[in-house]
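Colleague: Data: coords.txt, compact mmCIF, C-alpha atoms.
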```txt
# COMPACT_ATOMS: atom_id res chain seq x y z
CA MET R 1244 56.36 -59.11 -53.41
CA LYS R 1245 57.62 -60.92 -56.49
CA LEU R 1246 56.60 -59.42 -59.83
CA ASN R 1247 56.03 -61.54 -62.95
CA ARG R 1248 55.99 -60.40 -66.54
CA LEU R 1249 52.51 -60.28 -68.06
CA GLY R 1250 52.86 -62.28 -71.26
CA ARG R 1251 55.20 -60.54 -73.68
CA THR R 1252 54.13 -57.07 -72.58
CA ASP R 1253 56.33 -54.64 -70.67
CA MET R 1254 54.04 -54.89 -67.63
CA ARG R 1255 55.05 -56.74 -64.47
CA VAL R 1256 52.33 -57.83 -62.06
CA SER R 1257 52.52 -59.02 -58.46
CA GLU R 1258 52.21 -62.77 -57.91
CA LEU R 1259 49.05 -62.06 -55.92
CA CYS R 1260 46.15 -60.11 -57.42
CA LEU R 1261 43.26 -58.52 -55.52
CA GLY R 1262 39.94 -59.71 -56.92
CA THR R 1263 36.91 -57.47 -56.54
CA MET R 1264 33.85 -59.54 -57.42
CA THR R 1265 32.27 -58.97 -53.98
CA TYR R 1266 32.51 -55.16 -54.19
CA GLY R 1267 29.03 -53.70 -54.14
CA ASN R 1268 27.32 -56.79 -52.77
CA GLN R 1269 29.05 -58.61 -49.91
CA THR R 1270 31.64 -55.84 -49.57
CA ASP R 1271 30.58 -52.21 -49.16
CA GLU R 1272 32.47 -49.27 -50.66
CA ALA R 1273 34.30 -48.25 -47.47
CA ASP R 1274 35.62 -51.75 -46.88
CA ALA R 1275 36.54 -52.14 -50.56
CA HIS R 1276 38.57 -48.93 -50.49
CA ALA R 1277 40.33 -50.06 -47.31
CA GLN R 1278 41.17 -53.34 -49.07
CA ILE R 1279 42.75 -51.54 -52.02
CA ASP R 1280 44.82 -49.41 -49.64
CA MET R 1281 45.94 -52.50 -47.71
CA ALA R 1282 46.78 -54.50 -50.81
CA LEU R 1283 48.92 -51.78 -52.35
CA ALA R 1284 50.71 -51.26 -49.03
CA ALA R 1285 51.55 -54.99 -49.02
CA GLY R 1286 53.15 -54.82 -52.46
CA ILE R 1287 50.22 -56.00 -54.57
CA ASN R 1288 50.10 -53.93 -57.77
CA PHE R 1289 47.36 -55.83 -59.60
CA LEU R 1290 43.53 -55.52 -59.36
CA ASP R 1291 41.03 -57.58 -61.32
CA THR R 1292 37.38 -56.75 -61.94
CA ALA R 1293 34.68 -57.18 -64.62
CA GLU R 1294 31.75 -55.27 -66.02
CA MET R 1295 29.34 -57.92 -64.65
CA TYR R 1296 30.59 -57.73 -61.05
CA PRO R 1297 29.51 -58.03 -58.26
CA VAL R 1298 28.41 -61.66 -58.17
CA ASN R 1299 26.55 -63.88 -55.68
CA PRO R 1300 24.22 -63.14 -57.30
CA VAL R 1301 24.83 -61.44 -60.65
CA ARG R 1302 22.00 -58.94 -61.16
CA LEU R 1303 21.25 -56.40 -63.85
CA GLU R 1304 20.69 -53.70 -61.24
CA THR R 1305 24.24 -54.11 -59.84
CA LEU R 1306 25.98 -54.49 -63.21
CA GLY R 1307 29.20 -52.46 -63.14
CA ARG R 1308 29.00 -51.62 -59.44
CA SER R 1309 32.41 -53.16 -58.65
CA GLU R 1310 34.01 -51.03 -61.36
CA GLU R 1311 32.25 -47.95 -59.96
CA ILE R 1312 33.66 -48.61 -56.49
CA ILE R 1313 37.18 -48.92 -57.88
CA GLY R 1314 36.55 -45.75 -59.90
CA ALA R 1315 35.55 -43.88 -56.76
CA TRP R 1316 38.85 -44.95 -55.15
CA ASN R 1317 40.77 -43.79 -58.23
CA ALA R 1318 39.05 -40.41 -58.15
CA LYS R 1319 39.48 -40.00 -54.40
CA THR R 1320 43.15 -40.96 -54.19
CA GLY R 1321 44.67 -40.01 -57.53
CA ARG R 1322 46.73 -43.24 -57.33
CA ARG R 1323 45.56 -44.91 -60.53
CA ALA R 1324 49.09 -45.03 -61.97
CA GLU R 1325 50.34 -47.12 -59.03
CA TYR R 1326 48.77 -50.41 -60.09
CA ILE R 1327 47.84 -52.64 -63.04
CA LEU R 1328 44.08 -52.74 -63.65
CA ALA R 1329 42.31 -55.60 -65.41
CA THR R 1330 38.64 -55.86 -66.33
CA LYS R 1331 36.48 -58.04 -68.57
CA HIS R 1332 33.87 -57.96 -71.33
CA SER R 1333 31.00 -60.36 -70.52
CA GLY R 1334 30.26 -63.14 -72.97
CA GLU R 1335 27.12 -64.53 -74.53
CA GLY R 1336 24.30 -65.17 -72.08
CA SER R 1337 25.32 -62.60 -69.46
CA VAL R 1338 23.02 -59.97 -67.98
CA ALA R 1339 24.88 -57.32 -70.00
CA ARG R 1340 23.51 -56.26 -73.40
CA ASP R 1341 20.53 -58.63 -73.03
CA GLY R 1342 22.86 -61.61 -73.28
CA ALA R 1343 24.41 -60.61 -76.60
CA PRO R 1344 27.74 -62.24 -77.51
CA ILE R 1345 31.08 -60.46 -77.68
CA THR R 1346 31.44 -58.92 -81.14
CA ALA R 1347 33.58 -56.34 -82.86
CA ASP R 1348 30.65 -53.93 -82.49
CA THR R 1349 30.29 -54.39 -78.70
CA ILE R 1350 33.96 -54.00 -77.78
CA GLY R 1351 34.41 -50.24 -78.22
CA VAL R 1352 31.25 -49.16 -76.40
CA THR R 1353 31.78 -51.67 -73.59
CA ILE R 1354 35.32 -50.43 -73.01
CA GLU R 1355 34.12 -46.83 -72.94
CA GLN R 1356 31.52 -47.74 -70.33
CA SER R 1357 34.14 -49.47 -68.17
CA LEU R 1358 36.50 -46.50 -68.49
CA LYS R 1359 33.74 -44.19 -67.32
CA ARG R 1360 32.87 -46.35 -64.33
CA LEU R 1361 36.51 -46.89 -63.41
CA LYS R 1362 37.26 -43.17 -63.76
CA THR R 1363 40.42 -43.86 -65.70
CA ASP R 1364 41.78 -43.10 -69.16
CA TYR R 1365 43.09 -46.61 -69.79
CA ILE R 1366 42.69 -50.28 -68.89
CA ASP R 1367 45.93 -52.21 -68.57
CA LEU R 1368 44.53 -55.67 -69.35
CA TYR R 1369 41.22 -56.14 -71.14
CA GLN R 1370 39.87 -59.69 -71.02
CA PHE R 1371 37.06 -61.61 -72.68
CA HIS R 1372 35.18 -63.23 -69.79
CA TRP R 1373 34.31 -66.43 -71.68
CA PRO R 1374 34.20 -67.46 -75.35
CA ASN R 1375 31.05 -67.12 -77.40
CA ARG R 1376 31.23 -70.75 -78.52
CA GLY R 1377 31.03 -72.06 -74.94
CA SER R 1378 33.61 -73.30 -72.46
CA TYR R 1379 34.78 -76.29 -70.45
CA MET R 1380 35.01 -73.99 -67.44
CA PHE R 1381 32.40 -73.25 -64.76
CA ARG R 1382 32.23 -77.00 -63.97
CA LYS R 1383 31.11 -77.75 -67.55
CA ASN R 1384 34.15 -79.93 -68.23
CA TRP R 1385 31.93 -82.99 -67.66
CA SER R 1386 29.30 -81.99 -70.20
CA TYR R 1387 30.55 -79.37 -72.66
CA ASP R 1388 30.48 -80.75 -76.21
CA ALA R 1389 32.38 -78.72 -78.78
CA THR R 1390 30.82 -80.76 -81.60
CA ALA R 1391 27.37 -79.53 -80.57
CA SER R 1392 28.32 -75.87 -80.88
CA SER R 1393 26.26 -73.75 -83.24
CA TYR R 1394 29.49 -72.04 -84.28
CA SER R 1395 31.42 -73.54 -87.18
CA ARG R 1396 35.21 -73.32 -87.29
CA GLU R 1397 34.92 -70.64 -89.96
CA ASP R 1398 32.46 -68.66 -87.81
CA VAL R 1399 34.75 -68.84 -84.78
CA LEU R 1400 37.85 -67.72 -86.65
CA ALA R 1401 36.05 -64.92 -88.48
CA ASP R 1402 34.65 -63.67 -85.17
CA MET R 1403 38.10 -63.80 -83.55
CA GLU R 1404 39.65 -61.87 -86.43
CA ALA R 1405 36.97 -59.17 -86.30
CA CYS R 1406 37.33 -58.85 -82.52
CA LEU R 1407 41.12 -58.56 -82.77
CA ALA R 1408 40.74 -55.71 -85.24
CA ALA R 1409 38.38 -53.94 -82.85
CA LEU R 1410 40.77 -54.51 -79.96
CA GLN R 1411 43.67 -53.13 -81.98
CA ALA R 1412 41.65 -49.97 -82.58
CA GLN R 1413 41.28 -49.62 -78.81
CA VAL R 1414 45.02 -50.16 -78.32
CA ASP R 1415 45.70 -47.48 -80.92
CA LYS R 1416 43.39 -45.08 -79.07
CA GLY R 1417 45.22 -45.75 -75.82
CA ASN R 1418 42.09 -47.17 -74.16
CA ILE R 1419 43.66 -50.57 -73.46
CA ARG R 1420 47.26 -51.75 -73.18
CA ALA R 1421 46.95 -55.53 -73.49
CA PHE R 1422 44.44 -58.27 -74.28
CA GLY R 1423 43.70 -61.38 -72.23
CA LEU R 1424 41.36 -64.36 -72.26
CA SER R 1425 39.33 -66.01 -69.53
CA ASN R 1426 37.70 -69.44 -69.26
CA GLU R 1427 39.39 -70.42 -72.53
CA SER R 1428 40.67 -73.70 -73.92
CA ALA R 1429 44.03 -74.63 -75.43
CA TRP R 1430 42.54 -74.74 -78.94
CA GLY R 1431 40.85 -71.37 -78.59
CA THR R 1432 43.94 -69.71 -77.17
CA ALA R 1433 46.09 -71.15 -79.95
CA GLN R 1434 43.77 -69.65 -82.57
CA TRP R 1435 43.88 -66.20 -80.97
CA LEU R 1436 47.68 -66.44 -80.95
CA ARG R 1437 47.87 -67.62 -84.55
CA LEU R 1438 45.71 -64.75 -85.76
CA SER R 1439 47.61 -62.14 -83.78
CA GLU R 1440 50.90 -63.42 -85.15
CA ALA R 1441 49.40 -63.04 -88.62
CA GLY R 1442 49.00 -59.34 -87.85
CA LYS R 1443 45.29 -59.35 -87.06
CA GLY R 1444 45.53 -57.64 -83.65
CA PRO R 1445 47.04 -57.68 -80.16
CA ARG R 1446 48.66 -60.84 -78.83
CA VAL R 1447 47.07 -62.71 -75.94
CA ALA R 1448 49.00 -61.86 -72.76
CA SER R 1449 47.26 -64.10 -70.23
CA ILE R 1450 44.46 -66.56 -69.51
CA GLN R 1451 42.25 -66.20 -66.44
CA ASN R 1452 40.94 -69.67 -65.62
CA GLU R 1453 39.94 -71.38 -62.40
CA TYR R 1454 42.86 -73.11 -60.70
CA SER R 1455 43.45 -74.43 -57.20
CA LEU R 1456 44.20 -77.63 -55.32
CA LEU R 1457 40.61 -78.57 -56.16
CA CYS R 1458 40.61 -77.59 -59.84
CA ARG R 1459 43.69 -78.55 -61.83
CA LEU R 1460 42.43 -78.68 -65.42
CA TYR R 1461 45.20 -76.26 -66.40
CA ASP R 1462 47.91 -78.81 -65.60
CA THR R 1463 47.65 -80.47 -69.00
CA ASP R 1464 47.45 -78.84 -72.44
CA LEU R 1465 47.16 -75.24 -71.25
CA ALA R 1466 50.26 -75.60 -69.07
CA GLU R 1467 52.28 -76.57 -72.12
CA LEU R 1468 50.81 -73.71 -74.14
CA SER R 1469 51.71 -71.27 -71.35
CA HIS R 1470 55.31 -72.43 -71.41
CA TYR R 1471 55.91 -72.27 -75.14
CA GLU R 1472 53.78 -69.22 -75.91
CA ASP R 1473 54.46 -66.96 -72.89
CA VAL R 1474 50.79 -66.80 -71.98
CA GLY R 1475 50.62 -67.05 -68.18
CA LEU R 1476 47.76 -68.10 -65.96
CA LEU R 1477 45.84 -65.65 -63.81
CA SER R 1478 44.14 -68.16 -61.53
CA PHE R 1479 40.76 -67.38 -60.04
CA SER R 1480 39.36 -69.16 -56.97
CA PRO R 1481 42.80 -70.29 -55.71
CA LEU R 1482 41.09 -71.09 -52.39
CA GLY R 1483 38.49 -73.27 -54.10
CA ALA R 1484 35.76 -70.65 -53.56
CA GLY R 1485 36.48 -70.90 -49.82
CA PHE R 1486 36.45 -74.71 -49.48
CA LEU R 1487 40.20 -74.83 -48.88
CA THR R 1488 39.90 -72.57 -45.84
CA GLY R 1489 38.09 -75.41 -44.09
CA LYS R 1490 35.16 -73.22 -43.11
CA TYR R 1491 32.61 -75.44 -44.89
CA GLN R 1492 33.77 -78.78 -43.49
CA GLY R 1493 31.16 -80.92 -41.77
CA GLY R 1494 28.35 -79.07 -43.52
CA ALA R 1495 29.10 -75.74 -41.85
CA VAL R 1496 27.72 -72.63 -43.57
CA PRO R 1497 29.04 -69.47 -41.91
CA GLU R 1498 26.75 -66.45 -41.95
CA LYS R 1499 27.33 -64.12 -44.92
CA SER R 1500 29.69 -66.64 -46.53
CA ARG R 1501 29.54 -67.41 -50.23
CA LYS R 1502 27.83 -70.72 -49.53
CA SER R 1503 25.10 -68.96 -47.56
CA LEU R 1504 24.25 -67.09 -50.76
CA ASN R 1505 24.91 -69.94 -53.21
CA PRO R 1506 24.37 -73.33 -51.53
CA GLU R 1507 25.61 -75.37 -54.51
CA MET R 1508 28.65 -73.10 -54.89
CA GLY R 1509 28.19 -72.88 -58.64
CA GLY R 1510 28.39 -76.66 -58.95
CA ARG R 1511 31.45 -77.05 -56.71
CA GLN R 1512 29.51 -78.72 -53.88
CA THR R 1513 29.91 -82.42 -54.66
CA ALA R 1514 30.21 -85.67 -52.74
CA ARG R 1515 33.98 -85.68 -53.26
CA VAL R 1516 34.93 -82.18 -52.22
CA GLU R 1517 34.85 -82.63 -48.44
CA GLY R 1518 37.22 -85.60 -48.53
CA ALA R 1519 39.67 -83.81 -50.77
CA VAL R 1520 39.62 -80.72 -48.58
CA ALA R 1521 40.12 -82.86 -45.49
CA ALA R 1522 43.29 -84.31 -46.99
CA TYR R 1523 44.75 -80.86 -47.59
CA LEU R 1524 43.69 -79.59 -44.17
CA LYS R 1525 45.46 -82.59 -42.62
CA ILE R 1526 48.70 -81.71 -44.41
CA ALA R 1527 48.47 -78.10 -43.25
CA ALA R 1528 47.79 -79.12 -39.64
CA GLU R 1529 50.63 -81.64 -39.53
CA HIS R 1530 53.10 -79.00 -40.70
CA GLY R 1531 51.76 -76.13 -38.62
CA LEU R 1532 50.54 -74.23 -41.65
CA ASP R 1533 47.45 -72.10 -42.06
CA PRO R 1534 45.42 -73.82 -44.84
CA VAL R 1535 44.77 -70.48 -46.56
CA HIS R 1536 48.47 -69.69 -46.66
CA MET R 1537 49.34 -73.21 -47.83
CA ALA R 1538 46.85 -73.14 -50.70
CA MET R 1539 48.03 -69.74 -51.92
CA ALA R 1540 51.71 -70.63 -51.56
CA TRP R 1541 51.16 -73.82 -53.55
CA CYS R 1542 49.60 -71.87 -56.41
CA LYS R 1543 52.69 -69.68 -56.60
CA THR R 1544 54.90 -72.74 -57.13
CA ARG R 1545 53.21 -73.64 -60.41
CA PRO R 1546 55.51 -72.86 -63.37
CA PHE R 1547 52.77 -71.30 -65.49
CA MET R 1548 51.42 -69.00 -62.76
CA THR R 1549 51.58 -65.26 -63.46
CA SER R 1550 49.29 -64.19 -60.61
CA ALA R 1551 46.79 -65.81 -58.26
CA ILE R 1552 43.61 -63.78 -57.94
CA PHE R 1553 41.98 -63.93 -54.52
CA GLY R 1554 38.97 -62.14 -53.08
CA ALA R 1555 38.22 -61.00 -49.56
CA THR R 1556 34.78 -60.22 -48.23
CA ASP R 1557 36.28 -57.81 -45.70
CA VAL R 1558 39.61 -56.33 -44.62
CA GLY R 1559 39.95 -58.93 -41.88
CA GLN R 1560 40.07 -61.72 -44.45
CA LEU R 1561 42.54 -59.76 -46.54
CA ALA R 1562 44.81 -59.12 -43.55
CA HIS R 1563 44.78 -62.85 -42.73
CA LEU R 1564 45.71 -63.85 -46.26
CA LEU R 1565 48.51 -61.29 -46.47
CA GLN R 1566 50.13 -62.70 -43.33
CA GLY R 1567 51.17 -65.70 -45.42
CA ALA R 1568 52.14 -63.84 -48.57
CA ASP R 1569 55.82 -64.76 -48.24
CA LEU R 1570 55.33 -68.41 -47.33
CA GLU R 1571 57.42 -70.93 -49.26
CA LEU R 1572 56.45 -74.59 -48.99
CA SER R 1573 59.02 -77.26 -48.23
CA ALA R 1574 59.73 -80.13 -50.59
CA GLU R 1575 58.11 -82.45 -48.05
CA VAL R 1576 54.85 -80.48 -48.04
CA LEU R 1577 54.81 -80.32 -51.83
CA ALA R 1578 55.30 -84.08 -52.05
CA GLU R 1579 52.44 -84.69 -49.62
CA ILE R 1580 50.20 -82.36 -51.63
CA ASP R 1581 51.04 -84.34 -54.76
CA ARG R 1582 50.13 -87.61 -53.03
CA ALA R 1583 46.85 -86.12 -51.79
CA HIS R 1584 46.01 -84.98 -55.30
CA ARG R 1585 46.57 -88.49 -56.65
CA ALA R 1586 44.35 -89.93 -53.91
CA HIS R 1587 41.62 -87.31 -54.41
CA PRO R 1588 41.68 -86.35 -58.09
CA MET R 1589 39.62 -83.28 -58.78
CA PRO R 1590 38.15 -80.94 -60.17
CA TYR R 1591 35.19 -81.10 -57.91
```
Produce structure tokens that represent the structure in this file.

Modeller:
Amino acid sequence: MKLNRLGRTDMRVSELCLGTMTYGNQTDEADAHAQIDMALAAGINFLDTAEMYPVNPVRLETLGRSEEIIGAWNAKTGRRAEYILATKHSGEGSVARDGAPITADTIGVTIEQSLKRLKTDYIDLYQFHWPNRGSYMFRKNWSYDATASSYSREDVLADMEACLAALQAQVDKGNIRAFGLSNESAWGTAQWLRLSEAGKGPRVASIQNEYSLLCRLYDTDLAELSHYEDVGLLSFSPLGAGFLTGKYQGGAVPEKSRKSLNPEMGGRQTARVEGAVAAYLKIAAEHGLDPVHMAMAWCKTRPFMTSAIFGATDVGQLAHLLQGADLELSAEVLAEIDRAHRAHPMPY
């Protein structure tokens, strides 16, 4: 499997990344461990998790359970050094720390807790799950108003500088190797970069934002930033939270699926989504392609893509996805996808 450089670090990550947000809820420990084994055998060297996982739903009583399951695999196999491990610090309003924001004071203790759960001495990529000031992500691009934020520019920059200093202390201790963002904007990322280049702390290596055929916000300003600043995208939900598989067409709700647990799909269920999905399913069918494989292969063609993070509820889903890991789309298919996007502009 192709490996891509993670920002300006010396780490190289596989173009596919195994996401773990179902571990401990929809996916039990035995299945999760089998998934990790299967992914590594297929050439994937990158796992992504977060302190708040599992999701669907996020609950205080399961906080950290996904990390614990990965930690049990690390302890059982002794294979921690064989892959790149990423996790995240929850932002303001999460179930962690009674909803407290990310601060210089929370970083050290939160990392130590993740290290303990993961049963490892180091985290390769430590990410902030979302910015304290708010975000256009999570389907808030229609309503988020930066001018209404309670954070002034001075507050935001002072907070960033303090957090970078705390992160640098963790780098110096050997607890983390690199720093990444998630659910960030072009302006926010540019400020983190500017401060790091002024010597305030580690440089941003990556941004983990939603990206798929159904959510292409990254195509504009962030794509340009990625190119000039060597900050690649780690896309989450490259299958549109399952919509692009076709399993929800016609109002279908498979048992134990994400939609069975979250009917509105976190705001993704809209009047437009079924028509857009139908257009992509039609392209796949006309070219004899599995829609899952087509959607993942398309993500890998994007010039700013470092790795596409996918999740699997069980090993069967993982095996299916991996069957198309080497698929390359023809120019004809790519052109048809572009036309479909113009006819069905998304996100959601």

Colleague: Interatomic distance between CA of Ile1350 (chain R) and CA of Phe1547 (chain R)?

Modeller: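 Separation between CA of Ile1350 (chain R) and CA of Phe1547 (chain R): 28.4 Å.
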
Colleague: Show which residues sit within 12 Å of Thr1549 (chain R), as number ranges by chain. Count only C-alpha atoms, and ignore same-chain residues fewer than 3 positions away.

Modeller: R: 1245-1251, 1254-1260, 1289, 1448-1452, 1466, 1469-1470, 1473-1479, 1542-1546, 1552

Colleague: In Å, with one decimal, what is the gap from CA of Ile1345 (chain R) to CA of Gly1554 (chain R)?

Modeller: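 Separation between CA of Ile1345 (chain R) and CA of Gly1554 (chain R): 25.9 Å.
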
Colleague: Using CA of Asp1280 (chain R) and CA of Leu1482 (chain R) as the two end points, give the distance in Å to one decimal.

Modeller: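 A separation of 22.2 Å between them.
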
Colleague: Env of Glu1325 (chain R): 10 Å cut, atoms = only C-alpha atoms, seq-sep filter 6 positions within chain, self excluded. Answer as an MDAnalysis selection string.

Modeller: chainID R and resid 1283 1287:1289

Colleague: Between R:Ala1284, R:Val1352, R:Ala1347, R:Val1447, which residue has the minimum interatomic distance to Ser1425 (chain R), considering only C-alpha atoms?

Modeller: R:Val1447
